[in-house]
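run-v3.cif follows; it contains mmCIF, C-alpha atoms.
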data_coords
loop_
_atom_site.label_atom_id
_atom_site.label_comp_id
_atom_site.auth_asym_id
_atom_site.auth_seq_id
_atom_site.Cartn_x
_atom_site.Cartn_y
_atom_site.Cartn_z
CA PRO A 1 43.04 -38.77 25.71
CA PRO A 2 46.25 -40.26 24.18
CA HIS A 3 48.81 -37.71 22.89
CA SER A 4 46.90 -34.74 24.45
CA ALA A 5 48.48 -32.22 26.78
CA ALA A 6 48.29 -33.09 30.44
CA LEU A 7 45.32 -31.57 32.23
CA PRO A 8 46.10 -29.18 35.09
CA THR A 9 45.96 -30.65 38.56
CA PHE A 10 42.67 -29.80 40.26
CA SER A 11 43.36 -27.45 43.14
CA GLY A 12 40.12 -25.51 43.54
CA THR A 13 41.65 -22.52 41.70
CA SER A 14 40.68 -21.84 38.11
CA PRO A 15 43.53 -21.99 35.58
CA GLN A 16 44.37 -18.60 34.05
CA LEU A 17 44.96 -17.89 30.38
CA ALA A 18 47.44 -15.11 29.65
CA ASN A 19 46.55 -15.10 25.95
CA GLY A 20 43.18 -14.25 24.44
CA LEU A 21 40.75 -17.02 23.64
CA GLN A 22 39.01 -17.21 20.24
CA LEU A 23 35.88 -19.31 20.11
CA GLY A 24 34.35 -21.36 17.35
CA ALA A 25 30.74 -22.49 17.18
CA ASP A 26 28.99 -24.42 19.96
CA ASN A 27 32.03 -24.48 22.28
CA THR A 28 31.89 -25.31 25.96
CA VAL A 29 34.13 -23.19 28.20
CA ARG A 30 34.19 -23.90 31.90
CA GLY A 31 36.25 -23.16 34.97
CA LEU A 32 38.98 -20.77 33.81
CA ASP A 33 40.04 -17.13 34.08
CA ILE A 34 41.28 -15.00 31.17
CA ASP A 35 43.65 -12.14 31.93
CA VAL A 36 45.59 -10.68 29.01
CA ALA A 37 47.90 -7.66 28.84
CA THR A 38 46.43 -6.25 25.65
CA GLY A 39 43.96 -7.09 22.92
CA THR A 40 40.59 -8.83 23.12
CA ALA A 41 40.41 -11.35 25.94
CA LEU A 42 37.50 -13.40 24.59
CA LEU A 43 36.47 -13.31 20.92
CA GLY A 44 33.80 -15.20 19.06
CA LEU A 45 32.11 -14.14 15.82
CA ALA A 46 29.67 -17.04 15.43
CA VAL A 47 29.49 -18.71 18.83
CA GLY A 48 26.21 -20.58 18.24
CA ASP A 49 25.12 -22.58 21.28
CA LEU A 50 28.09 -21.53 23.40
CA GLN A 51 28.06 -22.93 26.94
CA LEU A 52 30.20 -20.79 29.25
CA LEU A 53 30.17 -21.02 33.02
CA GLU A 54 32.45 -20.78 36.05
CA VAL A 55 34.53 -18.15 34.27
CA ASP A 56 35.25 -15.85 37.20
CA THR A 57 37.38 -13.18 35.54
CA VAL A 58 37.76 -11.85 32.01
CA SER A 59 40.10 -8.85 31.85
CA THR A 60 42.48 -7.02 29.58
CA GLY A 61 44.85 -4.17 30.21
CA GLY A 62 44.45 -2.60 26.80
CA GLY A 63 41.57 -3.44 24.49
CA ASP A 64 38.09 -4.93 24.47
CA ALA A 65 37.28 -7.46 27.14
CA ILE A 66 34.75 -9.50 25.20
CA PHE A 67 33.26 -9.58 21.72
CA LEU A 68 30.70 -12.35 21.28
CA SER A 69 28.25 -12.42 18.38
CA GLY A 70 26.12 -14.94 16.58
CA GLY A 71 24.84 -16.50 19.78
CA THR A 72 21.79 -18.69 19.20
CA SER A 73 18.87 -19.54 21.47
CA GLY A 74 20.79 -22.41 23.04
CA MET A 75 23.66 -20.18 24.18
CA SER A 76 24.18 -19.76 27.92
CA ALA A 77 27.05 -17.63 29.19
CA THR A 78 27.83 -16.55 32.76
CA PHE A 79 30.60 -14.08 33.64
CA GLU A 80 31.39 -13.28 37.26
CA ASP A 81 33.83 -10.39 36.70
CA VAL A 82 34.57 -8.45 33.51
CA SER A 83 37.15 -5.63 33.42
CA ALA A 84 38.92 -3.82 30.57
CA THR A 85 40.05 -0.46 29.29
CA GLY A 86 37.96 -1.12 26.18
CA ALA A 87 34.44 -2.33 25.47
CA ALA A 88 32.38 -5.49 25.87
CA ASN A 89 29.90 -6.70 23.26
CA PHE A 90 27.37 -9.50 23.72
CA ASP A 91 25.03 -10.55 20.93
CA THR A 92 22.85 -13.59 21.49
CA THR A 93 19.27 -14.81 21.58
CA GLY A 94 20.18 -17.15 24.42
CA THR A 95 20.88 -16.55 28.13
CA LEU A 96 23.44 -14.03 29.39
CA THR A 97 24.44 -13.55 33.03
CA LEU A 98 26.86 -10.84 34.13
CA GLY A 99 28.37 -10.22 37.54
CA LEU A 100 30.58 -7.23 38.27
CA VAL A 101 31.44 -5.21 35.13
CA ASN A 102 34.10 -2.47 35.09
CA ILE A 103 35.12 -1.41 31.59
CA GLY A 104 36.29 1.84 30.01
CA GLY A 105 34.41 1.43 26.74
CA ALA A 106 30.79 0.80 25.87
CA LEU A 107 28.83 -2.13 27.25
CA VAL A 108 26.70 -3.31 24.32
CA ILE A 109 24.14 -6.03 24.85
CA GLY A 110 21.99 -7.15 21.95
CA ALA A 111 22.99 -4.78 19.18
CA THR A 112 21.34 -7.12 16.65
CA ASN A 113 20.02 -10.01 18.78
CA GLN A 114 18.49 -9.58 22.24
CA PRO A 115 19.08 -12.19 24.94
CA THR A 116 15.96 -14.16 25.79
CA THR A 117 17.10 -14.04 29.41
CA LEU A 118 19.38 -11.33 30.80
CA ASN A 119 20.63 -11.46 34.38
CA LEU A 120 22.64 -8.48 35.67
CA ASN A 121 23.63 -9.61 39.14
CA ASP A 122 26.14 -6.94 40.20
CA ASP A 123 27.08 -3.30 39.59
CA ILE A 124 28.08 -2.09 36.13
CA THR A 125 30.58 0.63 35.25
CA ALA A 126 31.13 1.33 31.56
CA GLY A 127 32.01 4.17 29.23
CA SER A 128 28.44 4.14 27.94
CA PHE A 129 25.45 1.82 28.11
CA PRO A 130 22.92 1.76 25.25
CA PHE A 131 20.22 -0.89 25.74
CA THR A 132 16.93 -1.57 23.97
CA SER A 133 14.60 -4.48 24.62
CA ALA A 134 10.95 -5.44 24.33
CA ASN A 135 11.34 -7.21 27.67
CA SER A 136 11.50 -5.88 31.21
CA PHE A 137 14.91 -4.64 32.37
CA THR A 138 16.31 -5.23 35.88
CA SER A 139 19.76 -4.32 37.18
CA GLN A 140 21.83 -3.22 40.13
CA ASP A 141 23.74 0.12 40.06
CA ILE A 142 24.91 1.36 36.64
CA THR A 143 27.48 4.14 36.08
CA THR A 144 28.68 5.48 32.74
CA THR A 145 31.97 7.36 32.71
CA ASP A 146 32.16 8.76 29.18
CA GLY A 147 28.74 8.78 27.57
CA ASP A 148 25.00 8.30 27.86
CA LEU A 149 23.15 5.75 29.96
CA ASN A 150 20.20 4.92 27.72
CA ILE A 151 17.66 2.20 28.52
CA ASP A 152 14.49 1.52 26.50
CA ALA A 153 12.44 -1.45 27.72
CA ALA A 154 8.96 -2.65 28.65
CA SER A 155 9.61 -1.72 32.27
CA ILE A 156 12.74 -0.66 34.16
CA THR A 157 13.85 -1.53 37.70
CA THR A 158 17.37 -0.54 38.77
CA GLY A 159 19.59 0.58 41.59
CA ALA A 160 21.41 3.90 41.42
CA LEU A 161 21.97 5.23 37.89
CA ALA A 162 24.73 7.77 37.19
CA ALA A 163 26.11 9.33 34.01
CA GLN A 164 29.39 11.19 34.48
CA GLU A 165 31.50 13.49 32.29
CA GLY A 166 28.58 15.07 30.47
CA GLY A 167 26.57 11.97 29.65
CA GLY A 168 22.81 11.90 29.98
CA VAL A 169 20.46 9.40 31.62
CA ILE A 170 17.60 8.47 29.27
CA LEU A 171 14.98 6.00 30.48
CA THR A 172 12.00 5.04 28.33
CA ALA A 173 9.44 2.34 29.10
CA THR A 174 5.85 1.51 28.32
CA GLY A 175 5.35 0.46 31.95
CA ASN A 176 6.75 1.40 35.34
CA ILE A 177 10.21 2.89 35.89
CA THR A 178 11.75 2.40 39.34
CA THR A 179 15.24 3.53 40.37
CA THR A 180 17.06 4.06 43.66
CA SER A 181 18.43 7.37 42.34
CA ILE A 182 19.43 9.12 39.11
CA ALA A 183 22.40 11.48 38.63
CA SER A 184 23.86 13.11 35.54
CA ASN A 185 26.77 15.27 36.55
CA GLU A 186 29.96 16.64 35.06
CA PRO A 187 31.99 18.48 37.72
CA GLY A 188 32.31 22.18 36.92
CA VAL A 189 30.37 21.92 33.65
CA ILE A 190 26.63 22.30 32.96
CA ASN A 191 26.20 19.45 30.53
CA GLY A 192 24.39 16.40 31.88
CA PHE A 193 20.65 15.78 31.56
CA VAL A 194 17.95 13.38 32.76
CA ASP A 195 14.99 12.33 30.60
CA VAL A 196 12.53 9.75 31.99
CA GLU A 197 9.31 8.81 30.23
CA SER A 198 6.71 6.09 30.55
CA THR A 199 4.86 6.12 27.24
CA GLY A 200 2.16 3.77 28.55
CA GLY A 201 1.29 5.68 31.72
CA GLY A 202 3.42 3.69 34.15
CA THR A 203 4.53 4.89 37.57
CA LEU A 204 7.82 6.78 37.87
CA ASP A 205 9.36 6.06 41.30
CA LEU A 206 12.84 7.51 41.01
CA GLY A 207 14.41 8.34 44.37
CA ALA A 208 16.78 11.32 44.39
CA VAL A 209 17.33 12.96 40.97
CA SER A 210 20.20 15.37 40.24
CA SER A 211 21.59 16.88 37.06
CA ASP A 212 23.94 19.59 35.87
CA GLY A 213 21.45 20.16 33.05
CA ASN A 214 17.72 19.75 32.45
CA ILE A 215 15.46 17.16 34.06
CA ASP A 216 12.34 16.03 32.15
CA LEU A 217 9.82 13.56 33.61
CA ASP A 218 6.73 12.41 31.67
CA THR A 219 3.94 9.90 32.24
CA SER A 220 0.16 9.90 32.56
CA GLY A 221 0.61 7.86 35.75
CA PHE A 222 2.14 8.73 39.10
CA VAL A 223 5.48 10.48 39.69
CA THR A 224 7.33 10.08 42.99
CA THR A 225 10.82 11.36 43.80
CA SER A 226 12.75 12.39 46.86
CA THR A 227 15.16 15.32 46.46
CA ILE A 228 15.52 16.94 43.02
CA THR A 229 18.50 19.19 42.25
CA SER A 230 19.11 20.65 38.80
CA LEU A 231 21.37 23.37 37.43
CA GLY A 232 19.05 23.47 34.42
CA ASP A 233 15.26 23.35 34.06
CA LEU A 234 12.93 20.91 35.80
CA THR A 235 9.92 20.01 33.63
CA ILE A 236 7.34 17.49 34.80
CA GLY A 237 4.46 16.85 32.44
CA GLY A 238 5.93 18.74 29.51
CA THR A 239 4.61 16.25 26.95
CA THR A 240 2.36 13.96 29.04
CA THR A 241 0.64 15.17 32.21
CA PRO A 242 0.98 12.91 35.29
CA THR A 243 -1.95 12.05 37.53
CA THR A 244 -0.11 13.00 40.72
CA VAL A 245 3.37 14.31 41.54
CA THR A 246 4.86 13.64 44.98
CA PHE A 247 8.17 14.96 46.31
CA THR A 248 9.40 13.52 49.61
CA GLY A 249 12.44 15.86 49.57
CA ASN A 250 13.20 19.43 48.56
CA VAL A 251 13.20 20.52 44.91
CA SER A 252 15.58 23.07 43.35
CA ALA A 253 16.16 23.98 39.68
CA ASP A 254 16.87 27.03 37.54
CA VAL A 255 13.31 27.02 36.18
CA VAL A 256 10.51 24.84 37.55
CA GLY A 257 7.49 23.75 35.51
CA ILE A 258 5.18 21.12 37.01
CA ALA A 259 1.81 19.93 35.69
CA ALA A 260 -0.53 17.28 37.12
CA THR A 261 -4.20 16.45 36.68
CA GLY A 262 -4.41 15.56 40.38
CA THR A 263 -2.33 16.54 43.40
CA VAL A 264 1.16 18.01 43.54
CA THR A 265 2.61 17.39 47.01
CA GLY A 266 6.06 18.43 48.19
CA LEU A 267 8.30 20.04 50.72
CA ASP A 268 10.26 23.16 49.71
CA ILE A 269 10.25 24.01 45.98
CA GLU A 270 12.69 26.58 44.56
CA SER A 271 13.57 28.09 41.19
CA THR A 272 16.94 29.86 41.19
CA ASP A 273 16.99 31.54 37.76
CA GLY A 274 13.46 31.85 36.41
CA ASP A 275 9.77 31.15 36.91
CA LEU A 276 8.26 28.58 39.22
CA ASN A 277 5.01 27.39 37.65
CA VAL A 278 2.76 24.66 39.06
CA VAL A 279 -0.59 23.70 37.50
CA ALA A 280 -2.56 20.91 39.15
CA GLY A 281 -5.80 19.73 40.67
CA THR A 282 -4.57 20.60 44.16
CA ILE A 283 -1.22 21.86 45.45
CA ALA A 284 0.33 21.23 48.89
CA ALA A 285 3.92 22.37 49.50
CA GLY A 286 6.29 23.86 52.03
CA GLY A 287 8.23 26.99 51.19
CA VAL A 288 7.86 28.05 47.54
CA THR A 289 10.60 30.42 46.33
CA SER A 290 11.57 31.98 43.00
CA THR A 291 14.60 34.13 42.19
CA GLU A 292 14.76 36.09 38.91
CA GLY A 293 11.30 34.79 38.08
CA ASP A 294 7.67 34.73 39.18
CA VAL A 295 5.76 32.21 41.28
CA ILE A 296 2.62 31.04 39.50
CA LEU A 297 0.39 28.50 41.27
CA SER A 298 -2.86 27.43 39.63
CA ALA A 299 -5.24 24.67 40.72
CA THR A 300 -8.89 23.74 40.41
CA GLY A 301 -8.93 22.86 44.12
CA ASN A 302 -7.10 23.88 47.28
CA ILE A 303 -3.63 25.44 47.34
CA THR A 304 -1.63 25.15 50.56
CA THR A 305 1.91 26.42 51.20
CA THR A 306 4.04 27.24 54.22
CA SER A 307 5.25 30.43 52.51
CA ILE A 308 5.73 31.97 49.07
CA THR A 309 8.67 34.23 48.18
CA SER A 310 9.48 35.83 44.83
CA ASN A 311 12.68 37.85 44.57
CA GLU A 312 13.53 40.20 41.74
CA ALA A 313 17.10 40.03 40.49
CA PHE A 314 18.59 41.99 37.61
CA ALA A 315 15.20 43.70 37.11
CA THR A 316 13.37 40.46 36.31
CA GLY A 317 10.79 38.44 38.21
CA GLY A 318 9.42 39.12 41.64
CA ALA A 319 5.66 38.56 41.23
CA ILE A 320 3.31 36.05 42.88
CA ASP A 321 0.12 34.81 41.19
CA VAL A 322 -2.03 32.23 43.02
CA ASP A 323 -5.37 31.18 41.55
CA SER A 324 -7.84 28.44 42.38
CA THR A 325 -10.07 28.33 39.31
CA GLY A 326 -12.54 25.94 40.94
CA GLY A 327 -13.05 27.90 44.15
CA GLY A 328 -10.66 25.99 46.37
CA ASP A 329 -9.24 27.38 49.60
CA LEU A 330 -5.93 29.29 49.56
CA ASN A 331 -3.91 28.74 52.76
CA LEU A 332 -0.57 30.35 51.94
CA GLY A 333 1.45 31.33 55.01
CA ASP A 334 3.84 34.27 54.63
CA LEU A 335 3.86 36.07 51.25
CA THR A 336 6.89 38.14 50.19
CA ALA A 337 7.35 39.62 46.73
CA ASP A 338 9.37 42.37 45.06
CA GLY A 339 6.55 42.71 42.51
CA ASP A 340 2.77 42.36 42.53
CA ILE A 341 0.88 39.73 44.50
CA ALA A 342 -2.38 38.51 42.93
CA LEU A 343 -4.67 36.09 44.80
CA ASP A 344 -7.92 34.73 43.31
CA THR A 345 -10.53 32.19 44.36
CA THR A 346 -14.19 32.05 45.38
CA GLY A 347 -13.16 29.96 48.36
CA ALA A 348 -11.46 31.03 51.58
CA LEU A 349 -8.17 32.95 51.59
CA THR A 350 -5.83 32.71 54.58
CA ALA A 351 -2.36 34.26 54.75
CA ASN A 352 0.03 35.35 57.47
CA ASP A 353 2.39 38.31 56.91
CA VAL A 354 2.16 39.86 53.44
CA THR A 355 4.95 42.10 52.12
CA THR A 356 5.12 43.36 48.55
CA GLY A 357 7.13 45.93 46.62
CA GLY A 358 4.27 46.16 44.14
CA ASN A 359 0.50 45.92 44.37
CA LEU A 360 -1.53 43.49 46.46
CA LEU A 361 -4.43 42.39 44.26
CA ILE A 362 -7.11 40.15 45.79
CA GLY A 363 -10.22 39.07 43.89
CA VAL A 364 -9.54 40.72 40.56
CA THR A 365 -11.04 37.72 38.74
CA ASN A 366 -12.56 35.75 41.65
CA LEU A 367 -13.34 37.27 45.06
CA PRO A 368 -12.39 35.10 48.07
CA ASN A 369 -14.79 34.59 50.95
CA PRO A 370 -13.75 34.90 53.72
CA ILE A 371 -10.37 36.69 53.69
CA THR A 372 -8.17 36.20 56.77
CA PHE A 373 -4.72 37.63 57.59
CA THR A 374 -3.07 36.26 60.71
CA GLY A 375 -0.13 38.69 60.39
CA ASN A 376 0.67 42.15 59.13
CA VAL A 377 -0.04 43.34 55.58
#
Entire entry expressed as structure tokens:
Amino acid sequence: PPHSAALPTFSGTSPQLANGLQLGADNTVRGLDIDVATGTALLGLAVGDLQLLEVDTVSTGGGDAIFLSGGTSGMSATFEDVSATGAANFDTTGTLTLGLVNIGGALVIGATNQPTTLNLNDDITAGSFPFTSANSFTSQDITTTDGDLNIDAASITTGALAAQEGGGVILTATGNITTTSIASNEPGVINGFVDVESTGGGTLDLGAVSSDGNIDLDTSGFVTTSTITSLGDLTIGGTTTPTTVTFTGNVSADVVGIAATGTVTGLDIESTDGDLNVVAGTIAAGGVTSTEGDVILSATGNITTTSITSNEAFATGGAIDVDSTGGGDLNLGDLTADGDIALDTTGALTANDVTTGGNLLIGVTNLPNPITFTGNV
């Protein structure tokens, strides 16, 4: 147009703004990068039907990357790369698409208005990530570096989730929750925690789960994980009892409490500082070990283990109590305890070597038939 500044020559490279950009209502922003030394790179308090695309990079060396609010249903914004020492805030009822995000502050999406469509197409690293939506949530990997990773949605499907420096991972959905892995770790400090719950009985399929603190998993549906490692307590079914619990890797926690109406299936299960208690319809596991606590296995049906060990430490723990209340078979492998060993069922009992520092009590409440030892007692 006459008297306007000359447009940059098209070269295939987006022009770069070294100063922050403040938006009005219903603007169209296309084909530029914003990279400022300090302050907010992109600011809009009432952006309306903003149309933003082909903005590859929004970054700032000291401040918030983006603060956009007042986005209406016609808004559509796509960011390929967002980086900042500060936070990023997106508030719109329109469409939001994010690529790679690497910010030091909180990533806040929909504090007052949720996007109708949210596309998270690359990994996210942020100080914290609080997110609530009535819609389904899908993402790639998410890492928080200074706070909680908290997602509440209709269903959740993500890559690897990690909360560092003492933050917790909290996932709540009415439907299914699926993750590649979950970690909540603060090096050298017992502080992180993991809390996953499907309030509507969805399936929890979580991959490897690790925490420097407690791990709590609740649903009336199915629970599947690979390896679980916790420096705190592992509680599955503390508030809502799952149908089945399946571990495809080893499980280790200070205290282990697992409940299921159906089958609990796993490899090795270990408690390192307290009781190991499993209550289910049937139980099938590898080596079951407790230190400074007792091993208590109770099922209505069969109970099968490779071995059971209960070690007393500091004058606590050391007992084994295995009970099939419905007359299932007990096939237990080697049994080693510093305290008493109690075995009860009206079904068959099979064990290999049995070694106890206390009493061996078989059939006090229910007498097995037959009783078979394939090793020494």
Checklist entry - With only C-alpha atoms as the atoms that count, which of A:Ser271, A:Thr72, A:Thr350, A:Thr92 lies nearest to Leu231 (chain A)? => result A:Ser271
What lies within 10 Å of Phe137 (chain A) using all atoms listed in the file, ignoring chain neighbours under 5 positions off, as a PDB file with C-alpha atoms, keeping the file's coordinate frame?
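Writing done, so here's part-v9.pdb:
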ATOM      1  CA  LEU A 118      19.380 -11.330  30.800  1.00  0.00           C
ATOM      2  CA  ASN A 119      20.630 -11.460  34.380  1.00  0.00           C
ATOM      3  CA  LEU A 120      22.640  -8.480  35.670  1.00  0.00           C
ATOM      4  CA  PHE A 131      20.220  -0.890  25.740  1.00  0.00           C
ATOM      5  CA  THR A 132      16.930  -1.570  23.970  1.00  0.00           C
ATOM      6  CA  ILE A 151      17.660   2.200  28.520  1.00  0.00           C
ATOM      7  CA  ASP A 152      14.490   1.520  26.500  1.00  0.00           C
ATOM      8  CA  ALA A 153      12.440  -1.450  27.720  1.00  0.00           C
ATOM      9  CA  ALA A 154       8.960  -2.650  28.650  1.00  0.00           C
ATOM     10  CA  SER A 155       9.610  -1.720  32.270  1.00  0.00           C
ATOM     11  CA  ILE A 156      12.740  -0.660  34.160  1.00  0.00           C
ATOM     12  CA  THR A 157      13.850  -1.530  37.700  1.00  0.00           C
ATOM     13  CA  THR A 158      17.370  -0.540  38.770  1.00  0.00           C
ATOM     14  CA  ALA A 173       9.440   2.340  29.100  1.00  0.00           C
ATOM     15  CA  ILE A 177      10.210   2.890  35.890  1.00  0.00           C
TER      16      ILE A 177
END
Checklist entry - Nearest to Val194 (chain A): which of A:Leu217, A:Val169, A:Ala65, A:Ala259 is it, counting all atoms listed in the file? => result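 Among A:Leu217, A:Val169, A:Ala65, A:Ala259, it is A:Val169 that comes nearest to Val194 (chain A).
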Checklist outcome for this item: CA of Asn185 (chain A) sits from CA of Asn121 (chain A) at a separation of 25.2 Å
Item to check | Who sits within 9 Å of Asn150 (chain A), only C-alpha atoms, same chain under 3 positions skipped, as a list of chain:residue names | outcome: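 Result of the neighbour search: A:Ser128, A:Phe129, A:Pro130, A:Phe131, A:Thr132, A:Gly168, A:Val169, A:Ile170, A:Leu171, A:Thr172.
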Checklist entry - In Å, with one decimal, what is the gap from CA of Ala351 (chain A) to CA of Ser324 (chain A)? => result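 These two atoms are separated by 14.7 Å.
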Next on the checklist: Taking the file as I've supplied it (selection: the PyMOL selection byres ((chain A and resi 25) around 10)), which residues are included? Please answer as a VMD selection string.
Outcome noted: chain A and resid 23 to 24 26 to 28 44 to 50 70 to 72
Checklist entry - Could you work out how far CA of Leu96 (chain A) lies from CA of Gln22 (chain A), giving the answer in Å with one decimal? => result 18.3 Å
The PyMOL selection byres ((chain A and resi 39) around 7) applied to the shown file, residues as a compact mmCIF listing (two decimals) with C-alpha atoms, keeping the file's coordinate frame:
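Writing the result to result.txt gives the following:
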# COMPACT_ATOMS: atom_id res chain seq x y z
CA THR A 38 46.43 -6.25 25.65
CA THR A 40 40.59 -8.83 23.12
CA ALA A 41 40.41 -11.35 25.94
CA THR A 60 42.48 -7.02 29.58
CA GLY A 62 44.45 -2.60 26.80
CA GLY A 63 41.57 -3.44 24.49
CA ASP A 64 38.09 -4.93 24.47
